[in-house]
Amino acid sequence: MKAIPARDIAGFDDLGLGWLRARGSVKWHRPGRGVLPAWVADMDFPTPPPVVAALREVVDGRDLGYPDWPDGSPLRTAFAKRMAERFGWDASGHRVREQTDLIQCLQLVLHLATSDGDAVAVQTPNYPPFLATLRTMNRRIVPIPMRDTGDGWRMDLAALDTAVKRAGCRALVLVNPHNPTGRVLTRDELDEIAAVARRHDLLVVSDEIHAELAYAPHRHIPFASLSDDAARRTVTLTSATKAFNLAAIRCAVTHYGPDRLLAQRDAQPPDLYGTVSPLGVAATLAAWEHGDAWQRDLLTVLDRNRRRVHEVLRDRLPQVRHHLPEATYLAWLDTRPLGLAEPPVEKVLRDGRVLLDGGSPFSPDADAFLRLNFATSRQVLEEILGRVAGALGGRKG
């Protein structure tokens, strides 16, 4: 398939409310009439043209039979190539296995590598389905707090070493770039985490799905690329779905560093955990091989939007604590200084008619926090920010 030139990409600000509300996806369908959604981590932008072209090519070819992948899907070599080109990581395509989404990847790894009652360290706050997975699988959650240091969010690495030792953790679930705070861990931080993992013989399950959504000068570093030891103990989870807005294609990859864990995975019945669709593979390949121009435009828009969120909060809600995210399209807002008598998610929905995410699903102590998705057009974002500021008693714009 030929690459789609950047000039053919539709404008990221050409999003009409009628078109958005007519979409069947959960983000716009669930909130109801008159409510603007900025909650679930889907972008509002249309599917990248190279992905549309690739899917159309498959469908127009009228060939949706069983794929001939005796040695695994083409994603395996494509992933290794992408990691080398983007991050300088010499990943092995032979260690890649396909799954339908990142949560399934995590659940499978935890099922194979840990047991009922085992302790697993995880940053808090965190992506709610990850925390729900640990609870449902009866893994003991060992929280490693992200601290607001005044100039940004920092992972409490001293707490990590102490907590892992005290709880006897078997694994660390590392989300980097971090959801919901938007932090990108530095090499020094990652090296400290790697030292803790080596000292306590931890399996590191590294969720790197937001890796391609880091803003300069911040740069993502794959955990498995740090050293030979890190590579041998790390399972890397990723997908094209976040960076290219493709959640519905149901396609993700797991890169297994530990030999024993990869052998355990391959010893499972071949279809027990499902297989990926050829359409999902085609979409992912098109994104990785032909979507870079679209993604560059996307990052320009998201960078503008994150700065606009920061600006409006500074000017209209100066008491709300917020740090400019270093990656992702999610802003994490601390409303505790407002002293609200009710959860801010409920207040903003009732008084502002905007649905945000946040609260205790992210962490038991996150009741007063909001997560705002700013991956939308300039016009829609301005309306969202105006409504949120008004609902929280902000200054007039």
# chains A, B, ... in the order shown; residues from 1 in each chain; ligands from 1
$ residues_around --residues "segment 119-121 of chain A" --least-positions-apart "4" --cutoff "10 Å" --atoms "only C-alpha atoms" --output "PyMOL selection string"
chain A and resi 110+114-115+134+138-144+160+163-164+167-174+202-204
$ write_last_selection --atoms "N, CA and C atoms" --output "PDB file, in the first residue's frame"
ATOM      1  N   LEU A 110       0.024 -11.839  34.151  1.00  0.00           N
ATOM      2  CA  LEU A 110      -0.171 -12.054  35.585  1.00  0.00           C
ATOM      3  C   LEU A 110      -0.639 -13.479  35.878  1.00  0.00           C
ATOM      4  N   THR A 114       2.289 -15.043  38.125  1.00  0.00           N
ATOM      5  CA  THR A 114       1.998 -14.855  39.549  1.00  0.00           C
ATOM      6  C   THR A 114       0.869 -15.788  39.962  1.00  0.00           C
ATOM      7  N   SER A 115       0.634 -15.861  41.261  1.00  0.00           N
ATOM      8  CA  SER A 115      -0.384 -16.772  41.798  1.00  0.00           C
ATOM      9  C   SER A 115      -1.348 -16.028  42.706  1.00  0.00           C
ATOM     10  N   LEU A 134      -6.039  -6.392  39.049  1.00  0.00           N
ATOM     11  CA  LEU A 134      -5.309  -6.934  40.191  1.00  0.00           C
ATOM     12  C   LEU A 134      -6.253  -7.381  41.293  1.00  0.00           C
ATOM     13  N   ASN A 138      -7.178 -11.335  42.529  1.00  0.00           N
ATOM     14  CA  ASN A 138      -6.739 -11.556  43.916  1.00  0.00           C
ATOM     15  C   ASN A 138      -5.223 -11.460  44.055  1.00  0.00           C
ATOM     16  N   ARG A 139      -4.656 -10.458  43.369  1.00  0.00           N
ATOM     17  CA  ARG A 139      -3.260 -10.107  43.602  1.00  0.00           C
ATOM     18  C   ARG A 139      -3.246  -8.949  44.605  1.00  0.00           C
ATOM     19  N   ARG A 140      -2.362  -9.020  45.590  1.00  0.00           N
ATOM     20  CA  ARG A 140      -2.285  -7.964  46.602  1.00  0.00           C
ATOM     21  C   ARG A 140      -1.662  -6.718  45.987  1.00  0.00           C
ATOM     22  N   ILE A 141      -2.412  -5.648  45.953  1.00  0.00           N
ATOM     23  CA  ILE A 141      -1.904  -4.397  45.401  1.00  0.00           C
ATOM     24  C   ILE A 141      -0.974  -3.724  46.398  1.00  0.00           C
ATOM     25  N   VAL A 142       0.234  -3.464  45.966  1.00  0.00           N
ATOM     26  CA  VAL A 142       1.209  -2.730  46.774  1.00  0.00           C
ATOM     27  C   VAL A 142       1.389  -1.366  46.106  1.00  0.00           C
ATOM     28  N   PRO A 143       0.738  -0.323  46.640  1.00  0.00           N
ATOM     29  CA  PRO A 143       0.747   0.972  45.954  1.00  0.00           C
ATOM     30  C   PRO A 143       2.084   1.690  46.075  1.00  0.00           C
ATOM     31  N   ILE A 144       2.551   2.216  44.955  1.00  0.00           N
ATOM     32  CA  ILE A 144       3.755   3.044  44.923  1.00  0.00           C
ATOM     33  C   ILE A 144       3.310   4.438  44.492  1.00  0.00           C
ATOM     34  N   LEU A 160       9.216   2.579  46.716  1.00  0.00           N
ATOM     35  CA  LEU A 160       9.203   1.356  45.906  1.00  0.00           C
ATOM     36  C   LEU A 160      10.105   0.291  46.513  1.00  0.00           C
ATOM     37  N   ALA A 163       8.629  -0.884  49.941  1.00  0.00           N
ATOM     38  CA  ALA A 163       7.364  -1.617  49.830  1.00  0.00           C
ATOM     39  C   ALA A 163       7.559  -2.988  49.193  1.00  0.00           C
ATOM     40  N   VAL A 164       8.395  -3.051  48.183  1.00  0.00           N
ATOM     41  CA  VAL A 164       8.646  -4.326  47.500  1.00  0.00           C
ATOM     42  C   VAL A 164       9.280  -5.328  48.457  1.00  0.00           C
ATOM     43  N   ALA A 167       6.622  -6.336  51.310  1.00  0.00           N
ATOM     44  CA  ALA A 167       5.490  -7.139  50.856  1.00  0.00           C
ATOM     45  C   ALA A 167       5.917  -8.420  50.152  1.00  0.00           C
ATOM     46  N   GLY A 168       7.192  -8.528  49.803  1.00  0.00           N
ATOM     47  CA  GLY A 168       7.642  -9.700  49.052  1.00  0.00           C
ATOM     48  C   GLY A 168       7.036  -9.747  47.667  1.00  0.00           C
ATOM     49  N   CYS A 169       7.057  -8.609  46.965  1.00  0.00           N
ATOM     50  CA  CYS A 169       6.407  -8.519  45.649  1.00  0.00           C
ATOM     51  C   CYS A 169       7.047  -9.471  44.640  1.00  0.00           C
ATOM     52  N   ARG A 170       6.192 -10.025  43.799  1.00  0.00           N
ATOM     53  CA  ARG A 170       6.659 -10.880  42.706  1.00  0.00           C
ATOM     54  C   ARG A 170       6.842 -10.074  41.424  1.00  0.00           C
ATOM     55  N   ALA A 171       6.079  -8.989  41.298  1.00  0.00           N
ATOM     56  CA  ALA A 171       6.091  -8.245  40.038  1.00  0.00           C
ATOM     57  C   ALA A 171       5.829  -6.765  40.292  1.00  0.00           C
ATOM     58  N   LEU A 172       6.236  -5.955  39.308  1.00  0.00           N
ATOM     59  CA  LEU A 172       5.931  -4.535  39.271  1.00  0.00           C
ATOM     60  C   LEU A 172       5.216  -4.246  37.961  1.00  0.00           C
ATOM     61  N   VAL A 173       4.031  -3.647  38.048  1.00  0.00           N
ATOM     62  CA  VAL A 173       3.354  -3.146  36.860  1.00  0.00           C
ATOM     63  C   VAL A 173       3.748  -1.680  36.716  1.00  0.00           C
ATOM     64  N   LEU A 174       4.519  -1.389  35.676  1.00  0.00           N
ATOM     65  CA  LEU A 174       5.063  -0.055  35.460  1.00  0.00           C
ATOM     66  C   LEU A 174       4.351   0.592  34.281  1.00  0.00           C
ATOM     67  N   LEU A 202      12.379  -8.926  40.623  1.00  0.00           N
ATOM     68  CA  LEU A 202      11.017  -8.617  40.182  1.00  0.00           C
ATOM     69  C   LEU A 202      10.839  -8.849  38.694  1.00  0.00           C
ATOM     70  N   LEU A 203       9.695  -9.378  38.324  1.00  0.00           N
ATOM     71  CA  LEU A 203       9.243  -9.304  36.944  1.00  0.00           C
ATOM     72  C   LEU A 203       8.690  -7.893  36.744  1.00  0.00           C
ATOM     73  N   VAL A 204       9.099  -7.228  35.670  1.00  0.00           N
ATOM     74  CA  VAL A 204       8.579  -5.901  35.361  1.00  0.00           C
ATOM     75  C   VAL A 204       7.651  -6.015  34.161  1.00  0.00           C
TER      76      VAL A 204
END
$ select_by_dssp --residues "segment 125-346 of chain A" --states "alpha helix (DSSP H)" --output "NGL selection string"
:A and (128-136 or 157-167 or 187-199 or 228-233 or 241-244 or 259-266 or 278-290 or 292-316 or 344-346)
$ atom_distance --atom1 "atom CA of His323 of chain A" --atom2 "atom CA of Arg304 of chain A"
14.8 Å
$ closest_residue --among "A:Tyr215, A:Trp332, A:Phe130, A:Phe369" --to "Val345 of chain A" --atoms "only C-alpha atoms"
A:Phe369
$ residues_around --residues "Val380 of chain A" --least-positions-apart "3" --cutoff "10 Å" --atoms "only C-alpha atoms" --output "ChimeraX atom specification"
/A:13,15-17,36-38,44,374-377,383-386
$ write_last_selection --atoms "N, CA and C atoms" --output "mmCIF file, in the first residue's frame"
data_model
loop_
_atom_site.group_PDB
_atom_site.id
_atom_site.type_symbol
_atom_site.label_atom_id
_atom_site.label_comp_id
_atom_site.auth_asym_id
_atom_site.auth_seq_id
_atom_site.Cartn_x
_atom_site.Cartn_y
_atom_site.Cartn_z
ATOM 1 N N ASP A 13 -9.128 20.175 13.467
ATOM 2 C CA ASP A 13 -10.120 21.044 14.089
ATOM 3 C C ASP A 13 -11.450 21.057 13.339
ATOM 4 N N LEU A 15 -14.124 19.285 13.298
ATOM 5 C CA LEU A 15 -14.991 18.292 13.939
ATOM 6 C C LEU A 15 -16.298 18.965 14.340
ATOM 7 N N GLY A 16 -17.359 18.643 13.631
ATOM 8 C CA GLY A 16 -18.652 19.203 13.983
ATOM 9 C C GLY A 16 -19.295 18.418 15.117
ATOM 10 N N LEU A 17 -20.032 19.118 15.968
ATOM 11 C CA LEU A 17 -20.696 18.437 17.074
ATOM 12 C C LEU A 17 -21.703 17.415 16.574
ATOM 13 N N LEU A 36 -21.002 17.111 27.157
ATOM 14 C CA LEU A 36 -19.760 16.998 26.391
ATOM 15 C C LEU A 36 -18.843 15.992 27.076
ATOM 16 N N PRO A 37 -18.291 15.024 26.331
ATOM 17 C CA PRO A 37 -17.447 14.002 26.947
ATOM 18 C C PRO A 37 -15.962 14.341 26.879
ATOM 19 N N ALA A 38 -15.298 14.186 28.002
ATOM 20 C CA ALA A 38 -13.837 14.327 28.051
ATOM 21 C C ALA A 38 -13.310 13.304 29.050
ATOM 22 N N ASP A 44 -11.013 12.298 19.607
ATOM 23 C CA ASP A 44 -12.165 12.612 18.760
ATOM 24 C C ASP A 44 -11.824 12.620 17.278
ATOM 25 N N PHE A 374 -8.062 15.882 26.505
ATOM 26 C CA PHE A 374 -8.049 17.084 25.670
ATOM 27 C C PHE A 374 -7.811 16.776 24.197
ATOM 28 N N ALA A 375 -8.007 15.539 23.771
ATOM 29 C CA ALA A 375 -7.791 15.154 22.372
ATOM 30 C C ALA A 375 -9.044 15.421 21.553
ATOM 31 N N THR A 376 -9.282 16.678 21.291
ATOM 32 C CA THR A 376 -10.443 17.087 20.529
ATOM 33 C C THR A 376 -10.111 18.368 19.774
ATOM 34 N N SER A 377 -11.099 18.909 19.087
ATOM 35 C CA SER A 377 -10.863 20.118 18.311
ATOM 36 C C SER A 377 -10.733 21.336 19.213
ATOM 37 N N GLU A 383 -15.153 24.873 24.679
ATOM 38 C CA GLU A 383 -16.451 24.720 25.334
ATOM 39 C C GLU A 383 -16.322 23.860 26.582
ATOM 40 N N ILE A 384 -15.552 22.784 26.493
ATOM 41 C CA ILE A 384 -15.343 21.912 27.659
ATOM 42 C C ILE A 384 -14.690 22.692 28.798
ATOM 43 N N LEU A 385 -13.625 23.421 28.483
ATOM 44 C CA LEU A 385 -12.898 24.146 29.522
ATOM 45 C C LEU A 385 -13.757 25.248 30.143
ATOM 46 N N GLY A 386 -14.542 25.923 29.316
ATOM 47 C CA GLY A 386 -15.418 26.950 29.855
ATOM 48 C C GLY A 386 -16.456 26.373 30.803
#
$ decode --residues "segment 26-63 of chain A" --atoms "N, CA and C atoms" --output "CSV table (one decimal), in the first residue's frame"
chain,number,residue,atom,x,y,z
A,26,VAL,N,-18.4,4.6,22.6
A,26,VAL,CA,-18.9,4.8,24.0
A,26,VAL,C,-18.6,6.3,24.4
A,27,LYS,N,-17.6,6.9,24.0
A,27,LYS,CA,-17.2,8.2,24.5
A,27,LYS,C,-18.4,9.2,24.3
A,28,TRP,N,-18.9,9.3,23.1
A,28,TRP,CA,-20.0,10.2,22.8
A,28,TRP,C,-21.4,9.7,23.0
A,29,HIS,N,-21.5,8.4,22.9
A,29,HIS,CA,-22.9,7.8,23.0
A,29,HIS,C,-23.4,7.7,24.4
A,30,ARG,N,-22.5,7.3,25.4
A,30,ARG,CA,-23.0,7.1,26.7
A,30,ARG,C,-23.4,8.3,27.5
A,31,PRO,N,-22.7,9.5,27.4
A,31,PRO,CA,-23.0,10.6,28.2
A,31,PRO,C,-24.4,11.1,28.1
A,32,GLY,N,-25.0,11.0,26.9
A,32,GLY,CA,-26.4,11.5,26.7
A,32,GLY,C,-26.4,12.9,26.1
A,33,ARG,N,-27.6,13.3,25.8
A,33,ARG,CA,-27.8,14.6,25.1
A,33,ARG,C,-27.4,15.8,25.9
A,34,GLY,N,-26.7,16.7,25.3
A,34,GLY,CA,-26.3,18.0,26.0
A,34,GLY,C,-25.0,17.9,26.8
A,35,VAL,N,-24.5,16.7,27.0
A,35,VAL,CA,-23.3,16.5,27.8
A,35,VAL,C,-22.1,16.4,26.8
A,36,LEU,N,-21.0,17.1,27.2
A,36,LEU,CA,-19.8,17.0,26.4
A,36,LEU,C,-18.8,16.0,27.1
A,37,PRO,N,-18.3,15.0,26.3
A,37,PRO,CA,-17.4,14.0,26.9
A,37,PRO,C,-16.0,14.3,26.9
A,38,ALA,N,-15.3,14.2,28.0
A,38,ALA,CA,-13.8,14.3,28.1
A,38,ALA,C,-13.3,13.3,29.1
A,39,TRP,N,-13.8,12.1,29.0
A,39,TRP,CA,-13.6,11.1,30.0
A,39,TRP,C,-12.7,10.0,29.5
A,40,VAL,N,-13.3,9.0,28.8
A,40,VAL,CA,-12.6,7.8,28.4
A,40,VAL,C,-11.5,8.2,27.4
A,41,ALA,N,-10.4,7.4,27.4
A,41,ALA,CA,-9.2,7.8,26.6
A,41,ALA,C,-9.3,7.4,25.2
A,42,ASP,N,-10.3,8.0,24.5
A,42,ASP,CA,-10.3,8.0,23.0
A,42,ASP,C,-10.2,9.4,22.5
A,43,MET,N,-9.5,9.5,21.4
A,43,MET,CA,-9.4,10.8,20.7
A,43,MET,C,-10.7,11.0,19.9
A,44,ASP,N,-11.0,12.3,19.6
A,44,ASP,CA,-12.2,12.6,18.8
A,44,ASP,C,-11.8,12.6,17.3
A,45,PHE,N,-10.6,12.5,16.9
A,45,PHE,CA,-10.1,12.7,15.6
A,45,PHE,C,-10.5,11.5,14.7
A,46,PRO,N,-10.8,11.7,13.4
A,46,PRO,CA,-11.1,10.6,12.5
A,46,PRO,C,-9.9,9.7,12.4
A,47,THR,N,-10.2,8.4,12.0
A,47,THR,CA,-9.2,7.4,11.7
A,47,THR,C,-8.2,7.9,10.7
A,48,PRO,N,-6.9,7.7,11.0
A,48,PRO,CA,-5.9,8.2,10.0
A,48,PRO,C,-6.1,7.6,8.6
A,49,PRO,N,-6.0,8.5,7.6
A,49,PRO,CA,-6.2,8.0,6.2
A,49,PRO,C,-5.4,6.8,5.8
A,50,PRO,N,-4.1,6.6,6.2
A,50,PRO,CA,-3.5,5.4,5.8
A,50,PRO,C,-4.1,4.1,6.4
A,51,VAL,N,-4.7,4.2,7.6
A,51,VAL,CA,-5.4,3.1,8.2
A,51,VAL,C,-6.7,2.8,7.4
A,52,VAL,N,-7.4,3.8,7.1
A,52,VAL,CA,-8.7,3.7,6.3
A,52,VAL,C,-8.4,3.0,5.0
A,53,ALA,N,-7.3,3.5,4.3
A,53,ALA,CA,-6.9,2.9,3.0
A,53,ALA,C,-6.6,1.4,3.1
A,54,ALA,N,-5.8,1.1,4.2
A,54,ALA,CA,-5.4,-0.3,4.4
A,54,ALA,C,-6.6,-1.2,4.6
A,55,LEU,N,-7.6,-0.8,5.5
A,55,LEU,CA,-8.8,-1.6,5.7
A,55,LEU,C,-9.6,-1.7,4.5
A,56,ARG,N,-9.7,-0.6,3.7
A,56,ARG,CA,-10.5,-0.6,2.5
A,56,ARG,C,-9.9,-1.6,1.5
A,57,GLU,N,-8.6,-1.6,1.5
A,57,GLU,CA,-7.9,-2.5,0.6
A,57,GLU,C,-8.2,-4.0,0.9
A,58,VAL,N,-8.2,-4.3,2.2
A,58,VAL,CA,-8.5,-5.7,2.6
A,58,VAL,C,-10.0,-6.0,2.2
A,59,VAL,N,-10.9,-5.1,2.6
A,59,VAL,CA,-12.3,-5.4,2.3
A,59,VAL,C,-12.6,-5.4,0.9
A,60,ASP,N,-12.1,-4.5,0.1
A,60,ASP,CA,-12.3,-4.5,-1.3
A,60,ASP,C,-11.8,-5.7,-2.0
A,61,GLY,N,-10.7,-6.3,-1.4
A,61,GLY,CA,-10.2,-7.5,-2.0
A,61,GLY,C,-11.0,-8.8,-1.7
A,62,ARG,N,-12.1,-8.6,-0.9
A,62,ARG,CA,-13.1,-9.6,-0.6
A,62,ARG,C,-12.4,-10.9,-0.1
A,63,ASP,N,-11.3,-10.7,0.7
A,63,ASP,CA,-10.6,-11.8,1.3
A,63,ASP,C,-10.5,-11.7,2.8
